[in-house]
$ cat protein_27.txt   # compact mmCIF, C-alpha atoms and all ligand atoms
# COMPACT_ATOMS: atom_id res chain seq x y z
CA MET D 1 87.54 158.75 96.90
CA SER D 2 89.70 158.61 93.81
CA GLN D 3 92.71 156.40 93.24
CA ASP D 4 94.66 155.50 90.15
CA ALA D 5 94.75 151.85 91.11
CA ILE D 6 93.19 149.50 93.62
CA VAL D 7 94.86 146.27 94.65
CA ILE D 8 92.58 143.62 96.13
CA GLY D 9 94.55 141.54 98.66
CA GLY D 10 97.47 142.48 100.89
CA GLY D 11 99.61 139.34 100.39
CA PRO D 12 103.09 139.46 98.83
CA ALA D 13 101.83 139.64 95.23
CA GLY D 14 99.41 142.49 95.96
CA LEU D 15 101.91 144.48 98.01
CA LEU D 16 104.67 144.12 95.40
CA ALA D 17 102.37 145.15 92.55
CA ALA D 18 101.17 148.13 94.62
CA SER D 19 104.75 149.24 95.41
CA LYS D 20 105.70 149.06 91.73
CA ILE D 21 102.76 151.24 90.71
CA ALA D 22 103.35 153.75 93.53
CA GLU D 23 107.04 154.04 92.57
CA LYS D 24 105.95 156.08 89.54
CA GLY D 25 103.91 158.46 91.67
CA HIS D 26 100.48 156.93 91.07
CA SER D 27 98.03 156.70 93.96
CA VAL D 28 97.35 153.11 95.03
CA LEU D 29 95.01 151.69 97.62
CA VAL D 30 95.37 148.10 98.88
CA LEU D 31 92.18 146.56 100.29
CA GLU D 32 92.76 143.66 102.67
CA GLU D 33 89.91 141.77 104.29
CA HIS D 34 91.77 140.78 107.47
CA PRO D 35 92.42 143.18 110.38
CA GLU D 36 96.20 142.78 110.09
CA ILE D 37 98.56 142.25 107.14
CA GLY D 38 100.31 138.85 107.35
CA LYS D 39 97.72 137.27 109.63
CA PRO D 40 96.55 134.57 109.58
CA ASP D 41 99.65 132.97 108.05
CA HIS D 42 99.78 129.55 106.44
CA CYS D 43 103.11 129.37 104.69
CA ALA D 44 106.20 127.21 105.25
CA GLY D 45 108.30 130.30 104.55
CA LEU D 46 110.98 128.78 102.33
CA LEU D 47 112.22 131.35 99.79
CA SER D 48 115.26 131.01 97.53
CA SER D 49 118.04 133.54 98.06
CA SER D 50 118.30 134.05 94.29
CA GLY D 51 114.54 134.63 93.98
CA LEU D 52 114.55 137.27 96.71
CA LYS D 53 117.44 138.96 94.95
CA SER D 54 115.58 139.03 91.65
CA LEU D 55 112.63 140.63 93.47
CA GLY D 56 115.06 143.27 94.77
CA LEU D 57 114.25 142.24 98.37
CA LYS D 58 116.61 141.93 101.31
CA PRO D 59 114.45 140.98 104.28
CA PRO D 60 115.68 142.37 107.61
CA ASP D 61 117.15 140.02 110.24
CA GLU D 62 113.99 139.87 112.35
CA VAL D 63 112.08 138.41 109.36
CA VAL D 64 114.64 135.65 108.64
CA GLN D 65 114.46 132.62 110.91
CA ASN D 66 117.06 130.34 109.30
CA THR D 67 119.08 129.65 106.15
CA VAL D 68 119.26 126.24 104.48
CA SER D 69 121.69 124.82 101.97
CA GLY D 70 119.66 121.99 100.45
CA ALA D 71 117.06 119.30 100.79
CA ARG D 72 116.98 115.62 101.67
CA ILE D 73 114.31 113.86 99.65
CA TYR D 74 112.87 110.62 100.98
CA ALA D 75 111.34 107.90 98.82
CA PRO D 76 108.46 105.91 100.30
CA SER D 77 110.91 103.07 101.17
CA GLY D 78 112.95 105.48 103.33
CA HIS D 79 115.78 105.63 100.80
CA SER D 80 116.93 109.25 100.45
CA ILE D 81 118.89 111.57 98.18
CA LEU D 82 120.55 114.81 99.13
CA VAL D 83 120.19 117.80 96.82
CA GLU D 84 122.69 120.35 97.97
CA ARG D 85 124.88 122.80 96.18
CA GLY D 86 127.19 123.89 98.97
CA ARG D 87 125.84 127.37 99.49
CA ARG D 88 123.04 129.15 101.29
CA GLU D 89 120.35 128.23 98.85
CA ALA D 90 117.29 129.48 100.69
CA LEU D 91 116.01 131.53 103.60
CA VAL D 92 113.31 130.43 105.97
CA ILE D 93 111.22 133.44 106.79
CA ASP D 94 108.40 134.25 109.19
CA ARG D 95 105.53 135.04 106.80
CA ARG D 96 103.66 137.23 109.30
CA LYS D 97 106.72 139.44 109.66
CA PHE D 98 107.64 139.19 105.96
CA ASP D 99 104.22 140.42 104.78
CA SER D 100 104.15 143.14 107.42
CA TRP D 101 107.64 144.29 106.32
CA LEU D 102 106.46 144.33 102.67
CA ALA D 103 103.49 146.46 103.79
CA GLN D 104 105.82 148.94 105.51
CA GLU D 105 107.96 149.11 102.36
CA ALA D 106 104.84 149.73 100.26
CA SER D 107 103.59 152.44 102.67
CA SER D 108 106.95 154.18 102.50
CA LYS D 109 106.38 154.48 98.73
CA GLY D 110 102.98 156.10 99.30
CA VAL D 111 100.69 153.05 99.08
CA ILE D 112 97.62 153.34 101.32
CA ILE D 113 96.63 150.07 102.97
CA SER D 114 93.11 149.60 104.32
CA THR D 115 92.57 146.51 106.45
CA ASN D 116 89.20 145.05 107.48
CA CYS D 117 88.07 145.85 103.93
CA LYS D 118 86.67 142.86 102.13
CA VAL D 119 85.85 143.43 98.47
CA VAL D 120 82.46 141.87 97.76
CA GLU D 121 81.79 142.93 94.20
CA ILE D 122 83.69 144.04 91.14
CA SER D 123 81.99 145.29 88.00
CA LYS D 124 82.82 147.09 84.78
CA GLN D 125 81.35 150.51 83.89
CA LYS D 126 80.55 151.77 80.39
CA ASP D 127 83.56 154.13 80.44
CA GLY D 128 85.92 151.19 81.11
CA LEU D 129 86.44 152.02 84.81
CA ARG D 130 85.84 149.26 87.33
CA THR D 131 83.63 149.66 90.37
CA ILE D 132 85.05 147.97 93.44
CA GLN D 133 82.58 147.46 96.24
CA THR D 134 83.31 146.79 99.89
CA LYS D 135 80.71 146.63 102.64
CA ASN D 136 80.93 150.37 103.32
CA GLN D 137 82.40 151.95 100.23
CA ASN D 138 82.37 152.05 96.42
CA TYR D 139 85.44 152.97 94.41
CA GLN D 140 85.80 153.71 90.69
CA VAL D 141 89.29 153.14 89.33
CA PRO D 142 91.04 152.88 85.97
CA ILE D 143 93.20 149.90 87.02
CA THR D 144 92.39 147.07 89.42
CA VAL D 145 94.91 144.43 90.45
CA ILE D 146 93.30 141.24 91.73
CA ALA D 147 95.68 139.62 94.25
CA GLU D 148 93.12 137.66 96.26
CA GLY D 149 95.20 134.47 96.56
CA ALA D 150 94.10 130.91 95.85
CA ARG D 151 90.40 131.44 96.56
CA SER D 152 89.86 133.23 93.23
CA VAL D 153 86.28 134.30 93.96
CA LEU D 154 86.52 137.80 92.45
CA THR D 155 88.50 136.66 89.39
CA LYS D 156 85.51 134.50 88.51
CA LYS D 157 83.19 137.53 88.66
CA THR D 158 85.28 139.28 85.99
CA GLY D 159 84.69 136.50 83.47
CA LEU D 160 88.36 135.47 83.33
CA SER D 161 89.14 131.79 83.72
CA THR D 162 89.92 130.72 87.29
CA LEU D 163 91.84 128.05 89.13
CA SER D 164 90.21 124.65 88.94
CA LYS D 165 88.83 123.15 92.13
CA GLY D 166 91.09 120.11 91.65
CA SER D 167 94.22 122.29 91.72
CA LYS D 168 93.64 123.38 95.34
CA TYR D 169 95.17 120.93 97.79
CA PRO D 170 94.45 121.23 101.49
CA ALA D 171 97.59 121.66 103.58
CA TYR D 172 98.29 121.58 107.29
CA GLN D 173 101.41 122.27 109.29
CA TYR D 174 102.60 122.55 112.87
CA GLU D 175 105.34 124.66 114.37
CA VAL D 176 107.19 122.49 116.87
CA LYS D 177 110.08 122.86 119.27
CA GLY D 178 112.54 120.22 120.48
CA ILE D 179 112.96 118.52 117.10
CA GLU D 180 116.04 116.52 116.17
CA ILE D 181 117.06 117.55 112.68
CA GLU D 182 120.01 118.94 110.74
CA GLU D 183 119.36 122.66 110.95
CA ASN D 184 120.56 123.49 107.44
CA LEU D 185 118.55 120.90 105.50
CA VAL D 186 114.91 120.78 104.53
CA GLU D 187 113.39 117.28 104.47
CA MET D 188 110.74 116.22 101.95
CA PHE D 189 108.85 112.93 102.17
CA TYR D 190 107.07 111.42 99.17
CA GLY D 191 104.60 108.57 99.06
CA ARG D 192 101.15 107.96 97.64
CA ARG D 193 99.94 106.56 100.95
CA LEU D 194 101.64 109.28 102.97
CA ALA D 195 100.56 112.31 100.90
CA PRO D 196 98.82 111.46 97.59
CA GLY D 197 99.54 114.09 94.94
CA PHE D 198 102.07 116.04 97.00
CA PHE D 199 104.47 115.50 99.93
CA ALA D 200 105.22 116.08 103.61
CA TRP D 201 107.99 118.41 104.81
CA ILE D 202 110.11 119.40 107.75
CA ILE D 203 111.61 122.88 107.55
CA PRO D 204 114.10 123.72 110.29
CA LEU D 205 113.70 127.14 111.88
CA GLY D 206 116.90 126.96 113.96
CA GLY D 207 117.20 126.47 117.72
CA GLY D 208 115.51 123.03 117.57
CA ARG D 209 112.31 124.45 116.08
CA ALA D 210 110.70 123.45 112.77
CA ARG D 211 107.60 123.56 110.59
CA VAL D 212 106.28 120.07 109.96
CA GLY D 213 103.63 119.95 107.29
CA LEU D 214 101.80 117.95 104.65
CA ALA D 215 99.67 118.72 101.62
CA SER D 216 97.76 116.15 99.61
CA LYS D 217 94.60 115.70 97.59
CA ASN D 218 92.52 115.26 100.76
CA LYS D 219 92.53 114.73 104.56
CA SER D 220 95.85 116.52 104.97
CA LYS D 221 95.61 117.14 108.72
CA ILE D 222 94.61 113.55 109.42
CA ARG D 223 97.45 112.32 107.22
CA LEU D 224 99.95 114.65 108.90
CA ASP D 225 98.90 113.55 112.39
CA ALA D 226 99.24 109.91 111.28
CA ALA D 227 102.68 110.57 109.76
CA MET D 228 103.86 112.24 112.99
CA ARG D 229 102.80 109.11 114.89
CA ASN D 230 103.81 106.39 112.44
CA HIS D 231 106.23 107.47 109.69
CA PRO D 232 109.56 105.94 110.72
CA ILE D 233 111.67 109.06 110.01
CA ILE D 234 109.19 111.82 110.86
CA LYS D 235 108.31 110.03 114.13
CA LYS D 236 112.01 109.78 115.02
CA ARG D 237 112.59 113.48 114.36
CA LEU D 238 109.64 114.40 116.57
CA LYS D 239 110.46 112.02 119.43
CA ASN D 240 110.93 114.85 121.95
CA ALA D 241 109.09 117.61 120.11
CA VAL D 242 106.28 119.78 121.45
CA VAL D 243 103.69 121.35 119.16
CA GLU D 244 103.51 125.14 119.52
CA ARG D 245 100.75 125.90 117.01
CA GLY D 246 99.01 124.51 113.92
CA MET D 247 97.80 126.21 110.74
CA GLY D 248 95.97 125.19 107.58
CA GLY D 249 95.89 126.57 104.06
CA ILE D 250 95.60 125.82 100.37
CA VAL D 251 98.58 124.73 98.31
CA LEU D 252 98.10 125.22 94.59
CA VAL D 253 99.12 122.53 92.15
CA SER D 254 98.20 124.53 89.10
CA LYS D 255 99.40 126.12 85.93
CA PRO D 256 98.73 129.80 85.18
CA ILE D 257 95.17 130.76 84.21
CA SER D 258 94.78 131.27 80.47
CA ARG D 259 94.24 135.09 80.49
CA LEU D 260 95.73 137.42 83.06
CA SER D 261 94.23 140.75 81.97
CA ALA D 262 91.03 142.43 80.83
CA ASP D 263 90.02 146.07 80.37
CA GLY D 264 91.28 147.92 83.46
CA LEU D 265 92.23 144.70 85.21
CA VAL D 266 95.17 142.40 85.89
CA VAL D 267 95.33 139.24 88.02
CA VAL D 268 98.53 138.38 89.95
CA GLY D 269 100.04 135.82 92.33
CA ASP D 270 98.19 132.69 93.43
CA ALA D 271 94.94 134.07 91.95
CA ALA D 272 96.62 133.86 88.53
CA GLY D 273 98.03 130.37 89.20
CA MET D 274 101.58 131.74 89.35
CA VAL D 275 103.05 128.94 91.44
CA LYS D 276 105.64 126.20 91.11
CA ALA D 277 103.37 123.15 90.96
CA THR D 278 106.27 120.92 92.06
CA THR D 279 106.35 122.57 95.51
CA GLY D 280 103.35 124.93 95.68
CA GLY D 281 105.78 127.81 96.22
CA GLY D 282 104.31 131.05 94.95
CA VAL D 283 105.92 133.93 96.81
CA ILE D 284 108.85 134.41 94.41
CA VAL D 285 107.19 133.57 91.08
CA GLY D 286 103.98 135.36 92.09
CA GLY D 287 106.08 138.34 93.18
CA LEU D 288 108.02 138.48 89.92
CA THR D 289 104.83 138.42 87.87
CA ALA D 290 103.24 141.02 90.19
CA LEU D 291 106.16 143.36 89.42
CA GLU D 292 105.50 142.82 85.70
CA ALA D 293 101.83 143.64 86.28
CA GLY D 294 102.84 146.84 88.09
CA ARG D 295 105.22 147.80 85.31
CA THR D 296 102.49 147.25 82.70
CA ALA D 297 100.00 149.31 84.74
CA ASN D 298 102.52 152.17 84.80
CA GLU D 299 102.85 152.01 81.01
CA ALA D 300 99.06 152.12 80.72
CA PHE D 301 98.95 155.27 82.90
CA GLN D 302 101.67 156.85 80.79
CA GLU D 303 99.71 156.17 77.60
CA GLY D 304 96.43 157.22 79.22
CA ASN D 305 94.94 153.95 78.01
CA HIS D 306 94.00 151.17 80.43
CA SER D 307 92.27 148.91 77.95
CA ARG D 308 93.04 145.23 77.57
CA LYS D 309 95.06 146.12 74.44
CA ILE D 310 97.71 147.77 76.61
CA LEU D 311 97.36 145.59 79.72
CA SER D 312 97.75 142.40 77.69
CA LYS D 313 101.46 143.26 77.52
CA TYR D 314 101.46 141.75 81.01
CA ASP D 315 100.15 138.47 79.54
CA ASN D 316 102.83 138.56 76.86
CA ARG D 317 105.64 139.19 79.35
CA CYS D 318 104.47 136.39 81.61
CA ARG D 319 104.11 134.10 78.61
CA SER D 320 107.67 134.68 77.46
CA GLN D 321 109.30 134.62 80.90
CA PHE D 322 107.28 132.25 83.08
CA ARG D 323 104.38 130.41 81.46
CA ARG D 324 106.30 127.55 79.81
CA GLU D 325 108.48 127.23 82.89
CA LEU D 326 105.43 126.84 85.16
CA GLU D 327 103.62 124.52 82.75
CA ILE D 328 106.61 122.17 82.65
CA MET D 329 106.73 122.10 86.46
CA TYR D 330 103.02 121.32 86.43
CA LEU D 331 103.48 118.38 84.04
CA THR D 332 106.41 117.08 86.10
CA GLN D 333 104.32 117.18 89.28
CA LYS D 334 101.47 115.38 87.53
CA ALA D 335 103.88 112.70 86.22
CA LEU D 336 105.38 112.17 89.70
CA SER D 337 102.00 111.91 91.34
CA SER D 338 100.87 109.32 88.80
CA LEU D 339 103.52 106.90 90.13
CA THR D 340 102.85 104.26 92.73
CA ASP D 341 105.14 104.12 95.77
CA LYS D 342 107.28 101.50 94.00
CA GLY D 343 107.62 103.85 91.03
CA LEU D 344 108.68 106.74 93.27
CA ASP D 345 111.22 104.48 94.94
CA SER D 346 112.62 103.39 91.61
CA VAL D 347 112.90 106.96 90.24
CA ILE D 348 114.69 108.27 93.35
CA LYS D 349 116.99 105.24 93.66
CA ASP D 350 117.88 105.05 89.95
CA ALA D 351 118.46 108.81 89.63
CA HIS D 352 120.93 108.50 92.51
CA GLU D 353 122.65 105.36 91.24
CA LEU D 354 122.97 106.63 87.68
CA GLY D 355 124.56 109.86 88.90
CA LEU D 356 121.79 112.13 87.62
CA LEU D 357 121.98 114.28 90.73
CA SER D 358 125.05 116.03 89.33
CA ILE D 359 122.72 117.63 86.73
CA VAL D 360 120.43 118.85 89.50
CA ARG D 361 123.39 120.28 91.41
CA LYS D 362 124.79 122.00 88.34
CA GLU D 363 121.63 123.27 86.67
CA GLY D 364 119.17 123.37 89.57
CA ASP D 365 117.30 126.55 90.38
CA MET D 366 114.77 126.48 93.20
CA ASP D 367 112.35 128.76 91.34
CA LEU D 368 112.86 128.24 87.64
CA GLN D 369 113.15 124.50 87.25
CA ARG D 370 112.54 124.13 83.52
CA ARG D 371 116.23 124.04 82.62
CA VAL D 372 117.04 121.22 85.02
CA ILE D 373 113.90 119.26 84.07
CA LEU D 374 114.69 119.54 80.32
CA LYS D 375 118.35 118.61 80.90
CA LEU D 376 117.29 115.61 82.93
CA ILE D 377 114.75 114.30 80.43
CA SER D 378 117.17 114.75 77.52
CA ASP D 379 119.83 112.66 79.31
CA PRO D 380 119.93 109.06 77.98
CA ARG D 381 120.28 107.77 81.55
CA MET D 382 116.90 109.30 82.33
CA VAL D 383 115.34 107.17 79.59
CA LEU D 384 116.36 104.14 81.64
CA VAL D 385 114.84 105.67 84.78
CA GLY D 386 111.68 106.51 82.85
CA LEU D 387 111.36 103.05 81.29
CA LYS D 388 111.62 101.40 84.67
CA ALA D 389 109.22 103.86 86.27
CA VAL D 390 106.61 103.51 83.50
CA ARG D 391 105.72 100.08 84.91
CA TYR D 392 104.62 101.79 88.09
CA ILE D 393 102.14 104.27 86.70
CA ASN D 394 99.02 103.98 88.80
CA PRO D 395 96.52 101.97 86.71
CA PHE D 396 93.56 103.70 88.38
CA LEU D 397 94.43 107.18 87.14
C1 LIG X 401 101.02 125.31 103.98
C2 LIG X 401 101.59 126.20 102.93
C3 LIG X 401 102.96 126.32 102.81
C4 LIG X 401 103.51 127.15 101.81
N1 LIG X 401 104.87 127.26 101.74
C5 LIG X 401 105.43 128.07 100.84
C6 LIG X 401 106.83 128.27 100.81
O1 LIG X 401 107.57 127.69 101.60
N2 LIG X 401 107.34 129.10 99.86
C7 LIG X 401 106.54 129.76 98.96
O2 LIG X 401 107.05 130.50 98.11
N3 LIG X 401 105.20 129.59 98.97
C8 LIG X 401 104.62 128.78 99.89
N4 LIG X 401 103.27 128.64 99.94
C9 LIG X 401 102.45 129.36 98.94
C10 LIG X 401 102.35 130.83 99.30
O3 LIG X 401 101.81 130.97 100.59
C11 LIG X 401 101.51 131.55 98.25
O4 LIG X 401 101.98 131.23 96.96
C12 LIG X 401 101.56 133.06 98.44
O5 LIG X 401 101.08 133.43 99.70
C13 LIG X 401 100.73 133.75 97.35
O6 LIG X 401 100.74 135.13 97.56
P1 LIG X 401 99.50 136.01 97.08
O7 LIG X 401 99.82 137.41 97.47
O8 LIG X 401 99.17 135.71 95.67
O9 LIG X 401 98.26 135.48 97.92
P2 LIG X 401 98.03 135.44 99.50
O10 LIG X 401 99.30 135.43 100.24
O11 LIG X 401 97.06 134.34 99.75
O12 LIG X 401 97.33 136.84 99.79
C14 LIG X 401 96.02 137.11 99.33
C15 LIG X 401 95.44 138.16 100.25
O13 LIG X 401 94.20 138.61 99.71
C16 LIG X 401 93.27 138.76 100.77
N5 LIG X 401 91.92 138.68 100.18
C17 LIG X 401 91.35 137.60 99.57
N6 LIG X 401 90.13 137.91 99.12
C18 LIG X 401 89.92 139.22 99.46
C19 LIG X 401 88.82 140.11 99.26
N7 LIG X 401 87.69 139.74 98.65
N8 LIG X 401 88.95 141.38 99.72
C20 LIG X 401 90.10 141.79 100.35
N9 LIG X 401 91.14 140.98 100.58
C21 LIG X 401 91.06 139.72 100.12
C22 LIG X 401 93.60 137.61 101.72
O14 LIG X 401 93.13 137.88 103.02
C23 LIG X 401 95.12 137.60 101.64
O15 LIG X 401 95.70 138.43 102.62
C24 LIG X 401 102.68 127.84 100.92
C25 LIG X 401 101.28 127.73 101.03
C26 LIG X 401 100.74 126.91 102.04
C27 LIG X 401 99.26 126.79 102.16
$ encode --input "protein_27.txt" --output "structure tokens" --more "lines below"
Ligand SMILES: Cc1cc2nc3c(=O)[nH]c(=O)nc-3n(C[C@H](O)[C@H](O)[C@H](O)COP(=O)(O)OP(=O)(O)OC[C@H]3O[C@@H](n4cnc5c(N)ncnc54)[C@H](O)[C@@H]3O)c2cc1C
Amino acid sequence: MSQDAIVIGGGPAGLLAASKIAEKGHSVLVLEEHPEIGKPDHCAGLLSSSGLKSLGLKPPDEVVQNTVSGARIYAPSGHSILVERGRREALVIDRRKFDSWLAQEASSKGVIISTNCKVVEISKQKDGLRTIQTKNQNYQVPITVIAEGARSVLTKKTGLSTLSKGSKYPAYQYEVKGIEIEENLVEMFYGRRLAPGFFAWIIPLGGGRARVGLASKNKSKIRLDAAMRNHPIIKKRLKNAVVERGMGGIVLVSKPISRLSADGLVVVGDAAGMVKATTGGGVIVGGLTALEAGRTANEAFQEGNHSRKILSKYDNRCRSQFRRELEIMYLTQKALSSLTDKGLDSVIKDAHELGLLSIVRKEGDMDLQRRVILKLISDPRMVLVGLKAVRYINPFL
């Protein structure tokens, strides 16, 4: 069987890269290990409206479960701030339906999708082609897109650097019905005891339903169950709620891997560490970089040269558009998680009292947060917040 390109992984990053390559008439095969695209799902489904627009995506009504206009952020003490900009900031989508819709879109552009096809080996031939091996089949292709998600097993086999073990945080969430919550606001709960290294969330789905989840450095399901029983606000929200289903996954708190391409190969999405470390969100940023990977692959086909020399344009584009952005989010997340609960309280309370939220409202962007972070840290009022918070850096780190 001969294809121009093979994409390993039928998640959003893989499907978007495949569509981009197929748009130019190249033959693309997506290999997905699971029997069905979109299943099993493990995502909270919160995607910014602006991010979807920049991906050129308008999900159909049956994919969209709710729209939200902002977030209420809770400090460990229960004190909260509201980050809202008075418009429909984000959509809450059903990831099973979203991925399956992306697969239909890709198929309509000529992409072939093979499910139940786990790639077990990837190797380089003398002529620069890659051999991709599944249980039943071998393929030789000029360009391979690795979109295997956070596991990053195959990326390692190619010799490229991979995501560190410490950047993969276990996550667990429940879908519940009968919850008492404002239906247009996401709620985020911080606290070193509640969720060390990350946070807990409630994402309203409309009609009294919600996703209630938590990610942290360890024991996320145990911590989530405890929070649902004991956290004063989460417990209150769930007073009359019934759990419909639970799901686990890996949230990445990472920066991009150092090299994204090699001869005949590009790595995209979670596998490349293309996530916002502040929230673990990777659908939009991973999608944007996957489109860049697809565009670069098309240029390589046009030049008849799929060596690293040409494909490294993908690295350069990601470097100039996203890398610094994502690295700053990573450092911010690390700084926040180095604070004790008292430090988190003081940052959230002081930022509110000193009026710093107006910067967030004016400059905030759910996906590209560098501008707001740089504005905040260059504000003299933030120096005060920082000086107070410095006392609360965890001495054991
Ligand atoms: C609990 C939770 C909540 C989240 N909430 C959000 C959110 O609200 N918003 C957001 O933007 N992001 C969120 N994320 C992150 C988001 O899910 C990922 O960033 C996104 O799915 C990455 O897309 P991807 O295509 O790179 O990888 P994935 O979606 O993981 O897709 C990778 C695909 O590759 C397949 N695969 C892997 N190895 C092989 C192989 N060897 N052969 C064949 N197929 C293979 C897998 O089966 C999978 O289908 C959340 C993650 C978790 C865990």
$ closest_atom_pairs --input "protein_27.txt" --of "chain D" --to "ligand LIG 401 (chain X)" --cutoff "7 Å" --atoms "only C-alpha atoms and all ligand atoms" --output "Markdown table"
| residue | atom | partner | partner_atom | distance |
| --- | --- | --- | --- | --- |
| D:Ile8 | CA | X:LIG401 | C20 | 5.2 |
| D:Gly9 | CA | X:LIG401 | O13 | 3.1 |
| D:Gly10 | CA | X:LIG401 | O15 | 4.7 |
| D:Gly11 | CA | X:LIG401 | O12 | 3.4 |
| D:Pro12 | CA | X:LIG401 | O7 | 4.1 |
| D:Ala13 | CA | X:LIG401 | O7 | 3.7 |
| D:Gly14 | CA | X:LIG401 | O7 | 5.3 |
| D:Leu31 | CA | X:LIG401 | C20 | 5.2 |
| D:Glu32 | CA | X:LIG401 | N9 | 3.8 |
| D:Glu33 | CA | X:LIG401 | C20 | 3.9 |
| D:His34 | CA | X:LIG401 | O14 | 5.5 |
| D:Ile37 | CA | X:LIG401 | O15 | 6.6 |
| D:Gly38 | CA | X:LIG401 | O15 | 6.6 |
| D:His42 | CA | X:LIG401 | C1 | 5.1 |
| D:Cys43 | CA | X:LIG401 | C3 | 3.6 |
| D:Ala44 | CA | X:LIG401 | N1 | 3.8 |
| D:Gly45 | CA | X:LIG401 | O1 | 4.0 |
| D:Leu46 | CA | X:LIG401 | O1 | 3.7 |
| D:Leu47 | CA | X:LIG401 | N2 | 5.4 |
| D:Cys117 | CA | X:LIG401 | C20 | 5.8 |
| D:Lys118 | CA | X:LIG401 | N8 | 3.6 |
| D:Val119 | CA | X:LIG401 | N8 | 3.9 |
| D:Val120 | CA | X:LIG401 | N7 | 5.7 |
| D:Ala147 | CA | X:LIG401 | O8 | 5.4 |
| D:Glu148 | CA | X:LIG401 | O13 | 3.7 |
| D:Gly149 | CA | X:LIG401 | O9 | 3.5 |
| D:Ala150 | CA | X:LIG401 | O11 | 6.0 |
| D:Arg151 | CA | X:LIG401 | C17 | 6.9 |
| D:Leu154 | CA | X:LIG401 | N7 | 6.6 |
| D:Ala171 | CA | X:LIG401 | C1 | 5.0 |
| D:Tyr172 | CA | X:LIG401 | C1 | 5.7 |
| D:Gln173 | CA | X:LIG401 | C1 | 6.1 |
| D:Gly213 | CA | X:LIG401 | C1 | 6.8 |
| D:Gly248 | CA | X:LIG401 | C1 | 6.2 |
| D:Gly249 | CA | X:LIG401 | C27 | 3.9 |
| D:Ile250 | CA | X:LIG401 | C27 | 4.2 |
| D:Val251 | CA | X:LIG401 | C27 | 4.4 |
| D:Val268 | CA | X:LIG401 | O8 | 6.3 |
| D:Gly269 | CA | X:LIG401 | O8 | 3.5 |
| D:Asp270 | CA | X:LIG401 | O8 | 3.9 |
| D:Ala271 | CA | X:LIG401 | O8 | 5.9 |
| D:Val275 | CA | X:LIG401 | O4 | 6.1 |
| D:Gly280 | CA | X:LIG401 | C9 | 5.6 |
| D:Gly281 | CA | X:LIG401 | N3 | 3.3 |
| D:Gly282 | CA | X:LIG401 | O4 | 3.1 |
| D:Val283 | CA | X:LIG401 | O2 | 3.8 |
| D:Ile284 | CA | X:LIG401 | O2 | 5.7 |
| D:Gly286 | CA | X:LIG401 | O8 | 6.0 |
$ residues_around --input "protein_27.txt" --residues "Ile348 (chain D)" --least-positions-apart "4" --cutoff "9 Å" --atoms "all atoms listed in the file" --output "PyMOL selection string"
chain D and resi 73-75+79-81+343-344+352-353+385
$ closest_residue --input "protein_27.txt" --among "D:Glu327, D:Leu260, D:Ala71, D:Arg229" --to "Glu89 (chain D)" --atoms "all atoms listed in the file"
D:Ala71
$ atom_distance --input "protein_27.txt" --atom1 "CA of Ser254 (chain D)" --atom2 "CA of Leu57 (chain D)"
25.6 Å
$ atom_distance --input "protein_27.txt" --atom1 "CA of Leu291 (chain D)" --atom2 "CA of Tyr314 (chain D)"
9.8 Å
$ atom_distance --input "protein_27.txt" --atom1 "CA of Ile132 (chain D)" --atom2 "CA of Leu55 (chain D)"
28.5 Å
$ build_atoms --input "protein_27.txt" --residues "region 21-27 of chain D" --atoms "N, CA, C and O atoms" --output "mmCIF file, in the coordinates of the input"
data_model
loop_
_atom_site.group_PDB
_atom_site.id
_atom_site.type_symbol
_atom_site.label_atom_id
_atom_site.label_comp_id
_atom_site.auth_asym_id
_atom_site.auth_seq_id
_atom_site.Cartn_x
_atom_site.Cartn_y
_atom_site.Cartn_z
ATOM 1 N N ILE D 21 103.590 150.183 91.307
ATOM 2 C CA ILE D 21 102.760 151.240 90.710
ATOM 3 C C ILE D 21 103.014 152.575 91.419
ATOM 4 O O ILE D 21 103.150 153.624 90.781
ATOM 5 N N ALA D 22 103.146 152.505 92.756
ATOM 6 C CA ALA D 22 103.350 153.750 93.530
ATOM 7 C C ALA D 22 104.717 154.379 93.226
ATOM 8 O O ALA D 22 104.864 155.604 93.332
ATOM 9 N N GLU D 23 105.682 153.549 92.881
ATOM 10 C CA GLU D 23 107.040 154.040 92.570
ATOM 11 C C GLU D 23 107.010 155.158 91.535
ATOM 12 O O GLU D 23 107.841 156.038 91.519
ATOM 13 N N LYS D 24 106.044 155.090 90.615
ATOM 14 C CA LYS D 24 105.950 156.080 89.540
ATOM 15 C C LYS D 24 105.026 157.237 89.916
ATOM 16 O O LYS D 24 104.566 157.996 89.063
ATOM 17 N N GLY D 25 104.674 157.306 91.194
ATOM 18 C CA GLY D 25 103.910 158.460 91.670
ATOM 19 C C GLY D 25 102.401 158.302 91.542
ATOM 20 O O GLY D 25 101.660 159.259 91.780
ATOM 21 N N HIS D 26 101.929 157.120 91.189
ATOM 22 C CA HIS D 26 100.480 156.930 91.070
ATOM 23 C C HIS D 26 99.889 156.587 92.445
ATOM 24 O O HIS D 26 100.556 155.967 93.265
ATOM 25 N N SER D 27 98.636 156.990 92.654
ATOM 26 C CA SER D 27 98.030 156.700 93.960
ATOM 27 C C SER D 27 97.444 155.276 93.930
ATOM 28 O O SER D 27 96.732 154.889 92.997
#
